[in-house]
Amino acid sequence: QEKIKIGVSYPTPTHAWAAGMNWHAEVAEKRLEALYPDVDLILVNSPDPSAQASALEDLVAVHQIDALVVLPFESEPLTDPVLNVKKSGAWITVVDRGLSQPGIEDLYVAGNNPELGRVSAKYMKGRLKDGDNIVILRGIPTVIDNERFDAFMEEIKGSGINVLDHKHANWNRDDGFQVMQDFLSRFPDIDAVWAQDDDIAIGVVAALKQAGRDGNGMFVVGGAGMKQIIKGIMDGDDLIPIDVLYPPSMIATAMDATVAHFKSNGPIAGRYILGATLITPENAESYYFAESPF
Amino acid sequence: MSAETSASAAIIEAVNISKSFGPVPVLFSVSMDVRPGEVHALIGENGAGKSTLMKILSGFHEPTSGQIRLDGEATDLPPNGAAEQYGVVLIHQELNLAEQMTVEENVFLGREVTARGFLDRASMRATVQGYLDEIGLDISPSDRISDLTIAQKQMVEIVKAVSRNARLLILDEPTAVLTEAETEVFFRQVEKLKANGVAIVFVSHKLAEVKAIADRVTILRDGQWIDTRPTEDLTPDTMAQMMVGRELSDLYPPLHEADVDAEPVLEVDNLYAPGVDNVSFLLRKGEILGFSGLIGSGRTAVFEAICGLAPIESGEIRLFGKRVGLMTVAEARDLGLAYLTKDRKEKGLLLDKQMRPNLTLFALPKFVRNFAIDRKAEERALERAVRRFDVRARDTAITVDKLSGGNQQKLLLAKIMECDPKIVVIDEPTRGIDVGTKQQIYHFIAALAAEGVSVVVISSEMPEIIGICHRVVVMREGHITGILSGDHINENEIMRYAAGLKREELH
Amino acid sequence: MISAPERHARKPSRRYALDLKTLGPALALLLLCVIGFLLNPAFVSEGNLTNLLTRSAFIGIIAVGATFVITAGGIDLSVGSMAAAISGVMIIVMNNVVETIGTGVATVLLGCGLAIVLGIGAGWINGALTTKGKIEAFIVTLGTMGIYRSLVTYFADGGTLALNFDIRGTYRPVYYDSFLGLPFPVWVFIGVAICGWLLLSRTAFGRYCTAIGSNESVARYSAINVDAVKTLTYVIQGLCVSFATIIYVPRLGSASASTGVLWELEAIAAVIIGGTVLKGGYGRIGGTILGALILTTIGNILNFTDMISNYLNGTMQGLIIIVAVLLQRSDWRLGKSRKT
Amino acid sequence: MISAPERHARKPSRRYALDLKTLGPALALLLLCVIGFLLNPAFVSEGNLTNLLTRSAFIGIIAVGATFVITAGGIDLSVGSMAAAISGVMIIVMNNVVETIGTGVATVLLGCGLAIVLGIGAGWINGALTTKGKIEAFIVTLGTMGIYRSLVTYFADGGTLALNFDIRGTYRPVYYDSFLGLPFPVWVFIGVAICGWLLLSRTAFGRYCTAIGSNESVARYSAINVDAVKTLTYVIQGLCVSFATIIYVPRLGSASASTGVLWELEAIAAVIIGGTVLKGGYGRIGGTILGALILTTIGNILNFTDMISNYLNGTMQGLIIIVAVLLQRSDWRLGKSRKT
Ligand SMILES: Nc1ncnc2c1ncn2[C@@H]1O[C@H](COP(=O)(O)OP(=O)(O)OP(=O)(O)O)[C@@H](O)[C@H]1O
Ligand SMILES: Nc1ncnc2c1ncn2[C@@H]1O[C@H](COP(=O)(O)OP(=O)(O)OP(=O)(O)O)[C@@H](O)[C@H]1O
Ligand SMILES: [Mg+2]
Ligand SMILES: [Mg+2]
């Protein structure tokens with residue numbers, strides 16, 4: 001009996017969020033393959049866009065997949081390769097980063113990057129007053145980073161909160177630590193930090209503690225929903241009081257829906273946009289996965 | 001003295017040594033012994049197997065068959081110079097110094113003096129300084145080898161040899177680039193070692209030196225042992241005859257009288273360059289012009305500047321009557337001016353390449369047809385060069401570093417001549433070349449001159465300068481002290497100019 | 001003038017040893033292909049082999065240039081970033097001329113011409129800084145690597161530069177179409193490889209590169225213009241990067257900061273796996289091509305099986321590279337007895 | 001008897017030139033500091049200078065090891081990944097022994113001891129593959145780089161390995177505490193630098209490294225055990241990586257696939273900026289230290305100003321590196337006339 005082959009392609013995890021995504025993908029693979037013996041999910045990760053394009057070619061040429069779940073490294077470079085997969089007749093599910101040309105994918109599952117920036121800014125506005133100073137540590141220069149940053153700046157405009165400077169900390173703890181150290185040397189008065197990402201936030205907190213500037217109502221806003229951070233929120237941490245969700249489990253959602261396309265009767269095609277929920281001590285428990293690496 | 005030494009037992013004995021490199025046999029059942037307090041010379045044509053035998057005696061090569069006896073006991077010498085632990089030290093024919101390191105570091109390499117685990121640099125430096133002072137070499141222990149002239153490097157090798165506590169010191173052509181004065185200094189060191197009971201093996205092509213210093217002489221020809229005899233029984237002529245296997249006619253060709261009215265092909269006026277201090281001279285068509293002087297007197301520096309290998313500070317150069325400015329080496333070559341370096345290892349040959357690419361490298365544009373290198377033409381050139389210069393390689397496919405020293409030198413000469421120069425500058429033309437070939441090279445130079453090629457010979461061998469040059473320029477400390485011609489070309493006169501005892505007003 | 005000594009015919013044995021060394025990479029590649037076939041017979045399907053060849057074209061073309069640089073004793077770490085920067089500028093310029101000269105072949109040709117000019121220029125800068133500036137090639141190209149990488153980020157404003165959609169239509173065939181059953185990039189690869197091979201092993205220039213890498217002062221004393229030849233190797237490297245870029249851009253139609261990341265290491269690895277010596281003086285274009293194919297095949301095979309954790313791809317890759325090179329040491333069996 | 005000619009006044013000038021070359025990196029660093037101060041006086045605040053020194057300790061310590069490897073004519077690309085892998089294994093093991101030996105100093109010492117053993121082992125593997133396996137160091141360490149990097153990803157399941165919170169409490173002071181006003185990492189840095197300097201320039205071993213890098217066959221003919229010395233340089237490199245790891249782990253108490261990325265390039269750059277020659281034969285620990293400080297200072301300065309677009313950080317970094325090295329060419333002013 002012919003199996004239904006579904007390729008799942010995403011970037012090689014090099015930071016915690018992606019690792020979480022990988023974990024969710026692997027869990028979903030086992031669960032779905034156990035549930036449907038005639039479904040074979042093939043997970044492939046790639047270190048750069050060009051390698052991902054190659055991986056897509058291999059999925060078609062070698063595995064002759066019936067459907068593709070893809071989290072593109074970048075939108076532009078993968079549009080054509082995904083289009084080629086589409087031309088082979090496969091069903092296409094795109095996750096997180098949309099393609100640059102509409103209508104290729106049958107199903108789109110994504111988090112909401114601008115919303116993440118906006119929610120963070122709204123929280124800042126709620127806690128800070130006119131004339132307060134913040135610094136921003138951005139991610140790796142990419143479209144995602146730009147979307148989050150632009151939405152944040154848009155939202156914060158006119159609030160009277162000063163953004164002293166913003167530097168790239170590459171979604172990396174070490175860079176977060178160093179950039180924050182330098183911000184602290186440079187600016188004597190900082191009231192809050194937008195770290196955009198939980199990994200950066202961890203580095204920022206270490207720098208704040210080292211400099212002894214973690215008191216006086218100082219707080220850091222990260223993002224994504226790392227389990228240590230959520231744990232901290234549950235325990236009432238002052239320094240990182242909240243988090244903004246950007247769930248790595250979205251890949252599992254996409255895999256479920258793709259399998260459902262072959263297995264269920266209901267229509268599946270369309271767009272699922274997950275919200276950028278604000279995680280607070282009140283709702284933190286429901287976003288905590290103890291076994292996930294993230 | 002030799003009577004006593006012949007009585008004492010040998011330190012080292014080579015018994016029926018044979019050696020092949022792969023399938024190529026190089027030595028055939030050679031035997032030789034060396035006794036304490038004697039200087040044992042080893043002579044033979046280029047490629048006869050002298051260096052190979054010396055490497056076997058010091059453990060660098062393993063013999064294919066035969067036995068080494070150390071103090072009468074058969075011994076397997078350890079490789080890579082570890083035989084030094086038995087007191088056996090080899091100074092290689094090819095300079096064996098780490099270029100980026102200092103004199104002191106090289107002299108003590110592999111047997112540093114340490115105190116509590118750290119280097120005792122002061123004492124090492126003092127020791128080296130002592131040796132340098134003793135032989136009157138004007139360099140500092142902290143000078144880098146790469147900054148030294150090749151003769152200075154050779155002297156450093158000698159310091160290295162002398163400074164070791166050797167029982168058996170093997171010197172493979174130590175005097176090839178030394179002037180007579182330096183050779184004398186070196187001989188004094190040898191005498192001293194000899195008096196201390198050190199056994200010395202001395203390889204050289206300078207038969208007069210052999211006659212002067214050796215107690216016994218062993219002759220090799222084509223890898224075969226020919227004879228071992230006390231030096232008293234031999235003259236340089238008989239030695240040459242035994243080496244080559246035939247009677248040698250006159251070493252130097254008859255000197256054609258130079259045409260004093262021939263047009264000048266190279267005129268140099270008031271040249272200043274690094275190491276060159278206001279040099280002016282003139283070279284005529286068909287002339288053989290010698291350059292003589294002590295170590296570091298600037299002979300090389302003059303021609304490196306003229307041929308575009310070193311910068312010129314000021315001065316005028318006219319080539320074939322036309323003023324030339326700063327030339328690149330390629331431009332000089334295209335104008336018919338070629339320079340042959342004396343440093344064949346660092347500047348002359350690509351040691352890890354075969355003979356063919358080495359031969360044609362300098363004149364490569366000549367071998368280009370339709371944008372590609374014409375390999376057939378290269379092969380033909382190689383065949384021609386091998387014949388013309390008697391380059392002896394039993395296997396033409398070996399890399400150049402495996403050629404014997406003299407054959408490397410011949411290949412280098414062939415390489416320069418490949419571009420058919422109208423003016424050729426030869427720096428130490430017969431470095432490491434055997435008498436037979438030397439004679440051929442002298443005739444070759446004379447023939448070139450007769451054809452109208454102008455030849456500059458820079459040489460530290462006084463007889464050579466005297467034997468083949470029409471005129472001789474003597475240099476000292478970067479400037480010309482005298483230009484000799486005719487009957488004035490004799491050893492005495494040259495030495496006086498070279499030592500600065502006499503000086504001509506040239507301008 | 002002098003008697004010719006009898007010449008012994010001793011060539012065959014050496015040739016044989018040399019051949020083993022030359023064959024090494026080829027054997028390694030063959031072995032990989034067998035492994036690929038055993039893992040999944042689809043490995044030898046025409047589609048997969050075509051993909052493999054096309055993919056190796058990028059690294060292969062760049063590695064051909066790197067062979068020259070390395071043979072002449074240099075190194076170029078900037079190629080990956082250079083490719084990204086050239087793609088970026090190409091895309092910006094092509095997008096900008098749409099209004100004046102449209103989205104036709106002219107625009108694409110303009111883009112390609114520009115790429116070539118930029119590649120040559122970038123190569124020349126590397127070369128000039130190394131030779132005239134007398135800075136170690138490693139530092140120069142590490143510097144330009146950082147510069148080009150950050151310039152493309154700057155041009156793209158941190159995001160991605162995308163080629164105009166209509167131009168992409170015109171340009172697409174350059175990557176995706178075939179001629180005589182082989183995709184165009186493969187033809188470009190073959191062309192570059194043949195030219196490179198001719199240049200390195202059949203011309204005076206190639207000989208000069210080898211001589212300089214073998215011993216720079218011997219080269220200088222042999223009337224070789226060392227600085228010019230060295231600079232030219234970097235220019236050739238730049239040109240190769242241009243060609244790689246020209247076939248890369250239609251593939252993904254975009255450029256970003258992540259374009260060409262680590263290509264420099266891959267290219268150098270391909271060169272060295274192919275038998276060229278990193279310190280210079282000995283270069284083999286044929287080996288480089290095989291090296292590029294080996295690297296691409298390793299990646300391809302790893303996409304073929306999910307027997308090993310994805311995380312361990314790097315481990316497999318590293319092991320295979322080391323083993324592949326270890327295998328081609330022709331002398332490892334001769335073993336102990338050698339002292340020299 | 002050869003008349004010693006009156007010494008020409010050529011030597012003093014050589015000495016002077018040498019000094020300029022040695023001073024080059026120091027001058028470059030000074031210049032950078034002045035620029036930093038002009039951009040923002042807070043640059044010279046005690047806090048920032050301490051941060052700067054502490055930060056440069058990682059690269060600095062690794063670069064000391066790299067100086068040995070490079071001086072002996074080798075190269076090690078695996079150091080960054082090695083650091084990541086060692087941190088990872090350290091963390092896993094320390095977390096696992098909590099139940100048996102608790103979260104005290106013993107556990108931390110165990111972790112540190114393990115790091116040292118691993119570093120020595122990893123260095124030895126690199127060394128043995130290069131010398132016994134006769135594979136180019138570039139390929140060996142490119143291979144092990146991939147292997148270690150992917151192993152740490154595997155251990156961390158692609159994410160982050162975090163040190164047990166209580167152990168972190170015990171271990172923290174190693175990074176954050178000071179002695180005589182200087183943080184511990186700086187002391188370690190100073191210690192490693194002094195040992196490295198003594199080893200390279202005051203012991204026979206250091207001379208052997210230089211000799212091997214300068215001319216391997218000369219070294220071999222001087223009865224130096226070339227393979228052993230070369231292997232030992234890689235072991236020293238591994239040991240230095242261990243030390244760097246030991247002070248790195250307490251900083252954030254975690255390791256991930258992105259730990260130590262590009263440290264190899266930074267370390268090599270530091271070594272070469274410091275004046276060591278990439279082809280081997282000449283090494284300077286003092287210069288390496290300055291090189292590491294220069295690199296860290298560049299990054300620090302760029303965080304101190306918002307005059308230039310963030311995207312152009314890499315451009316500035318590249319330019320500054322090239323210019324810093326260009327400045328220390330002592331002979332560039334002598335200018336045109338020299339062709340050599
Ligand atoms: N490693 C090697 N491999 C192959 N052939 C070699 C090797 N070493 C030396 N030979 C060959 O052995 C022969 C003898 O060389 P050797 O160096 O002993 O000559 P030599 O007597 O020292 O000559 P010269 O006076 O020119 O120095 C030469 O034909 C040389 O090419
Ligand atoms: N580029 C340079 N810069 C400074 N000094 C130089 C340069 N080239 C040569 N010299 C010096 O000039 C002097 C002359 O050296 P040169 O090699 O010309 O002497 P030589 O007469 O050929 O002696 P030898 O036969 O001993 O080499 C030496 O002391 C050398 O150190
Ligand atoms: Mg599966
Ligand atoms: Mg010899």
# chains A, B, ... in the order shown; residues from 1 in each chain; ligands from 1
call {"tool": "residues_near_ligand", "arguments": {"ligand": "ligand 1", "cutoff": "8 Å", "atoms": "only C-alpha atoms and all ligand atoms", "output": "JSON, numbers by chain"}}
result
{"B": [20, 21, 22, 24, 25, 26, 27, 43, 44, 45, 46, 47, 48, 49, 50, 51, 52, 53, 54, 93, 172, 173, 204, 205, 220, 223, 392, 393, 394, 395, 398, 401, 402, 403, 404, 405, 406, 407, 408, 432, 433, 434]}
call {"tool": "interface_residues", "arguments": {"of": "chain D", "to": "chain C", "cutoff": "7 Å", "atoms": "only C-alpha atoms", "output": "list in words"}}
result
Gly133, Ile135, Ile139, Val140, Gly143, Thr144, Gly146, Ile147, Ser150, Leu151, Thr153, Tyr154, Ala269, Tyr311, Leu312, Asn313, Gly314, Thr315, Gly318, Leu319, Ile321, Ile322, Val325 and Leu326 of chain D
call {"tool": "select_by_dssp", "arguments": {"residues": "range 125-246 of chain C", "states": "strand (DSSP E)", "output": "list of chain:residue names"}}
result
C:Thr160, C:Leu161, C:Ala162, C:Ser178, C:Phe179, C:Leu182, C:Pro183
call {"tool": "write_last_selection", "arguments": {"atoms": "C-alpha atoms", "output": "short mmCIF file (atom, residue, chain, number, x, y, z; two decimals), in the first residue's frame"}}
result
data_model
loop_
_atom_site.label_atom_id
_atom_site.label_comp_id
_atom_site.auth_asym_id
_atom_site.auth_seq_id
_atom_site.Cartn_x
_atom_site.Cartn_y
_atom_site.Cartn_z
CA THR C 160 15.89 40.39 1.76
CA LEU C 161 16.48 41.99 -1.62
CA ALA C 162 14.04 40.47 -4.09
CA SER C 178 18.59 22.58 -19.80
CA PHE C 179 20.62 22.10 -22.92
CA LEU C 182 22.15 19.19 -18.71
CA PRO C 183 20.96 22.32 -16.88
#
call {"tool": "residues_around", "arguments": {"residues": "Glu99 in chain D", "least_positions_apart": "5", "cutoff": "12 Å", "atoms": "only C-alpha atoms", "output": "VMD selection string"}}
result
chain D and resid 93 to 94 104 107 164 166 to 167
call {"tool": "closest_atom_pairs", "arguments": {"of": "chain A", "to": "ligand 3", "cutoff": "6 Å", "atoms": "only C-alpha atoms and all ligand atoms", "output": "tab-separated table"}}
result
residue	atom	partner	partner_atom_place_in_ligand_line	distance
A:Asp40	CA	ligand 3	1 (Mg)	5.1
A:Leu41	CA	ligand 3	1 (Mg)	4.2
A:Ile42	CA	ligand 3	1 (Mg)	4.6
call {"tool": "atom_distance", "arguments": {"atom1": "CA of Asn303 in chain C", "atom2": "CA of Thr276 in chain C"}}
result
28.5 Å
call {"tool": "residues_near_ligand", "arguments": {"ligand": "ligand 2", "cutoff": "6 Å", "atoms": "only C-alpha atoms and all ligand atoms", "output": "ChimeraX atom specification"}}
result
/B:149-151,274-275,295-301
call {"tool": "residues_around", "arguments": {"residues": "range 61-64 of chain A", "least_positions_apart": "4", "cutoff": "9 Å", "atoms": "only C-alpha atoms", "output": "number ranges by chain"}}
result
A: 5, 7, 42, 56-57, 88, 90; C: 40-43, 45-48, 51, 304
call {"tool": "residues_around", "arguments": {"residues": "Phe184 in chain C", "least_positions_apart": "5", "cutoff": "9 Å", "atoms": "only C-alpha atoms", "output": "NGL selection string"}}
result
:C and (54 or 173-179 or 189 or 247)
call {"tool": "write_last_selection", "arguments": {"atoms": "N, CA and C atoms", "output": "PDB file, in the first residue's frame"}}
result
ATOM      1  N   THR C  54      23.899  20.340 -10.591  1.00  0.00           N
ATOM      2  CA  THR C  54      23.545  21.756 -10.646  1.00  0.00           C
ATOM      3  C   THR C  54      23.960  22.446  -9.362  1.00  0.00           C
ATOM      4  N   PRO C 173      15.185  30.887 -16.730  1.00  0.00           N
ATOM      5  CA  PRO C 173      15.731  29.771 -17.510  1.00  0.00           C
ATOM      6  C   PRO C 173      17.227  29.567 -17.296  1.00  0.00           C
ATOM      7  N   VAL C 174      17.945  30.625 -16.958  1.00  0.00           N
ATOM      8  CA  VAL C 174      19.388  30.488 -16.772  1.00  0.00           C
ATOM      9  C   VAL C 174      19.694  29.453 -15.697  1.00  0.00           C
ATOM     10  N   TYR C 175      18.841  29.353 -14.719  1.00  0.00           N
ATOM     11  CA  TYR C 175      19.066  28.302 -13.739  1.00  0.00           C
ATOM     12  C   TYR C 175      18.294  27.035 -14.082  1.00  0.00           C
ATOM     13  N   TYR C 176      17.043  27.205 -14.488  1.00  0.00           N
ATOM     14  CA  TYR C 176      16.174  26.035 -14.518  1.00  0.00           C
ATOM     15  C   TYR C 176      16.154  25.294 -15.850  1.00  0.00           C
ATOM     16  N   ASP C 177      16.568  25.937 -16.944  1.00  0.00           N
ATOM     17  CA  ASP C 177      16.480  25.248 -18.224  1.00  0.00           C
ATOM     18  C   ASP C 177      17.713  24.410 -18.523  1.00  0.00           C
ATOM     19  N   SER C 178      17.510  23.508 -19.487  1.00  0.00           N
ATOM     20  CA  SER C 178      18.590  22.582 -19.802  1.00  0.00           C
ATOM     21  C   SER C 178      18.983  22.689 -21.260  1.00  0.00           C
ATOM     22  N   PHE C 179      20.144  22.175 -21.541  1.00  0.00           N
ATOM     23  CA  PHE C 179      20.617  22.105 -22.919  1.00  0.00           C
ATOM     24  C   PHE C 179      21.268  20.737 -23.062  1.00  0.00           C
ATOM     25  N   PHE C 189      29.510  25.505 -15.257  1.00  0.00           N
ATOM     26  CA  PHE C 189      30.496  24.829 -14.415  1.00  0.00           C
ATOM     27  C   PHE C 189      31.537  24.137 -15.297  1.00  0.00           C
ATOM     28  N   ILE C 247      24.533  32.566 -11.928  1.00  0.00           N
ATOM     29  CA  ILE C 247      23.598  31.437 -11.968  1.00  0.00           C
ATOM     30  C   ILE C 247      22.870  31.248 -10.643  1.00  0.00           C
TER      31      ILE C 247
END
call {"tool": "atom_distance", "arguments": {"atom1": "CA of Leu252 in chain D", "atom2": "CA of Gln228 in chain A"}}
result
13.6 Å
call {"tool": "closest_residue", "arguments": {"among": "B:Glu267, B:Arg375, B:Leu97, B:Arg431", "to": "ligand 4", "atoms": "only C-alpha atoms and all ligand atoms"}}
result
B:Arg431
call {"tool": "closest_residue", "arguments": {"among": "B:Thr328, B:Ser163, B:Ser249, B:Gln129", "to": "chain D", "atoms": "only C-alpha atoms"}}
result
B:Thr328
call {"tool": "atom_distance", "arguments": {"atom1": "CA of Pro264 in chain B", "atom2": "CA of Arg284 in chain B"}}
result
4.1 Å
call {"tool": "residues_around", "arguments": {"residues": "Asn146 in chain A", "least_positions_apart": "4", "cutoff": "8 Å", "atoms": "only C-alpha atoms", "output": "count of residues only"}}
result
5
call {"tool": "residues_around", "arguments": {"residues": "Gly111 in chain C", "least_positions_apart": "4", "cutoff": "9 Å", "atoms": "only C-alpha atoms", "output": "PyMOL selection string"}}
result
chain C and resi 89-91+93-94+106-107+115-116+246
call {"tool": "select_by_dssp", "arguments": {"residues": "range 93-185 of chain A", "states": "alpha helix (DSSP H)", "output": "ChimeraX atom specification"}}
result
/A:113-127,143-156,173-185
call {"tool": "write_last_selection", "arguments": {"atoms": "C-alpha atoms", "output": "short mmCIF file (atom, residue, chain, number, x, y, z; two decimals), in the first residue's frame"}}
result
data_model
loop_
_atom_site.label_atom_id
_atom_site.label_comp_id
_atom_site.auth_asym_id
_atom_site.auth_seq_id
_atom_site.Cartn_x
_atom_site.Cartn_y
_atom_site.Cartn_z
CA ASN A 113 5.49 39.31 14.31
CA PRO A 114 4.18 42.88 14.14
CA GLU A 115 1.72 41.96 16.85
CA LEU A 116 4.60 40.80 19.05
CA GLY A 117 6.20 44.23 18.71
CA ARG A 118 2.91 46.01 19.34
CA VAL A 119 1.99 43.97 22.41
CA SER A 120 5.44 44.59 23.88
CA ALA A 121 5.16 48.33 23.25
CA LYS A 122 1.71 48.48 24.78
CA TYR A 123 3.00 46.83 27.92
CA MET A 124 5.90 49.33 28.08
CA LYS A 125 3.47 52.20 27.73
CA GLY A 126 1.40 50.78 30.53
CA ARG A 127 4.32 50.65 32.95
CA VAL A 143 12.55 40.68 7.91
CA ILE A 144 11.15 39.20 11.13
CA ASP A 145 13.31 41.48 13.20
CA ASN A 146 12.31 44.46 11.10
CA GLU A 147 8.60 43.68 11.41
CA ARG A 148 8.79 43.39 15.17
CA PHE A 149 10.95 46.46 15.55
CA ASP A 150 8.93 48.66 13.20
CA ALA A 151 5.64 47.76 14.86
CA PHE A 152 7.14 48.43 18.29
CA MET A 153 8.45 51.84 17.25
CA GLU A 154 5.14 52.71 15.63
CA GLU A 155 3.27 51.86 18.80
CA ILE A 156 5.68 53.62 21.16
CA ARG A 173 22.60 35.24 25.09
CA ASP A 174 26.27 36.17 24.81
CA ASP A 175 25.56 39.05 22.48
CA GLY A 176 22.68 40.14 24.70
CA PHE A 177 25.04 40.21 27.67
CA GLN A 178 27.74 42.20 25.91
CA VAL A 179 25.48 44.72 24.23
CA MET A 180 23.67 45.32 27.50
CA GLN A 181 26.97 45.76 29.35
CA ASP A 182 27.89 48.47 26.90
CA PHE A 183 24.47 50.13 27.12
CA LEU A 184 24.86 50.21 30.88
CA SER A 185 28.29 51.82 30.64
#
call {"tool": "interface_residues", "arguments": {"of": "chain B", "to": "chain D", "cutoff": "9 Å", "atoms": "only C-alpha atoms", "output": "PyMOL selection string"}}
result
chain B and resi 60+79-84+96-101+105-106+109-114+117-121+134-138+181-182+184-185+294-295+308-313+477+499
call {"tool": "decode", "arguments": {"residues": "range 91-102 of chain C", "atoms": "N, CA, C and O atoms", "output": "compact mmCIF listing (two decimals), in the first residue's frame"}}
result
# COMPACT_ATOMS: atom_id res chain seq x y z
N ILE C 91 20.66 42.78 -8.06
CA ILE C 91 19.20 42.84 -7.92
C ILE C 91 18.73 44.28 -7.84
O ILE C 91 17.78 44.68 -8.53
N ILE C 92 19.42 45.08 -7.03
CA ILE C 92 19.02 46.48 -6.89
C ILE C 92 19.06 47.17 -8.25
O ILE C 92 18.10 47.84 -8.66
N VAL C 93 20.16 46.97 -8.96
CA VAL C 93 20.30 47.67 -10.24
C VAL C 93 19.26 47.18 -11.25
O VAL C 93 18.59 47.97 -11.91
N MET C 94 19.09 45.87 -11.32
CA MET C 94 18.10 45.37 -12.28
C MET C 94 16.72 45.89 -11.96
O MET C 94 15.97 46.31 -12.83
N ASN C 95 16.36 45.88 -10.68
CA ASN C 95 15.05 46.40 -10.30
C ASN C 95 14.90 47.86 -10.70
O ASN C 95 13.83 48.31 -11.09
N ASN C 96 16.00 48.60 -10.60
CA ASN C 96 15.91 50.03 -10.85
C ASN C 96 15.85 50.41 -12.31
O ASN C 96 15.41 51.51 -12.65
N VAL C 97 16.33 49.53 -13.18
CA VAL C 97 16.30 49.90 -14.60
C VAL C 97 15.04 49.41 -15.28
O VAL C 97 14.86 49.62 -16.48
N VAL C 98 14.18 48.74 -14.52
CA VAL C 98 12.95 48.21 -15.13
C VAL C 98 12.21 49.32 -15.86
O VAL C 98 11.77 49.16 -16.99
N GLU C 99 12.12 50.48 -15.21
CA GLU C 99 11.34 51.56 -15.83
C GLU C 99 11.96 52.07 -17.12
O GLU C 99 11.25 52.47 -18.04
N THR C 100 13.28 52.07 -17.19
CA THR C 100 13.90 52.59 -18.41
C THR C 100 14.08 51.53 -19.48
O THR C 100 13.74 51.77 -20.64
N ILE C 101 14.59 50.35 -19.12
CA ILE C 101 14.82 49.38 -20.20
C ILE C 101 13.99 48.10 -20.08
O ILE C 101 14.25 47.13 -20.77
N GLY C 102 13.02 48.12 -19.20
CA GLY C 102 12.09 47.01 -19.17
C GLY C 102 12.60 45.78 -18.45
O GLY C 102 13.61 45.82 -17.74
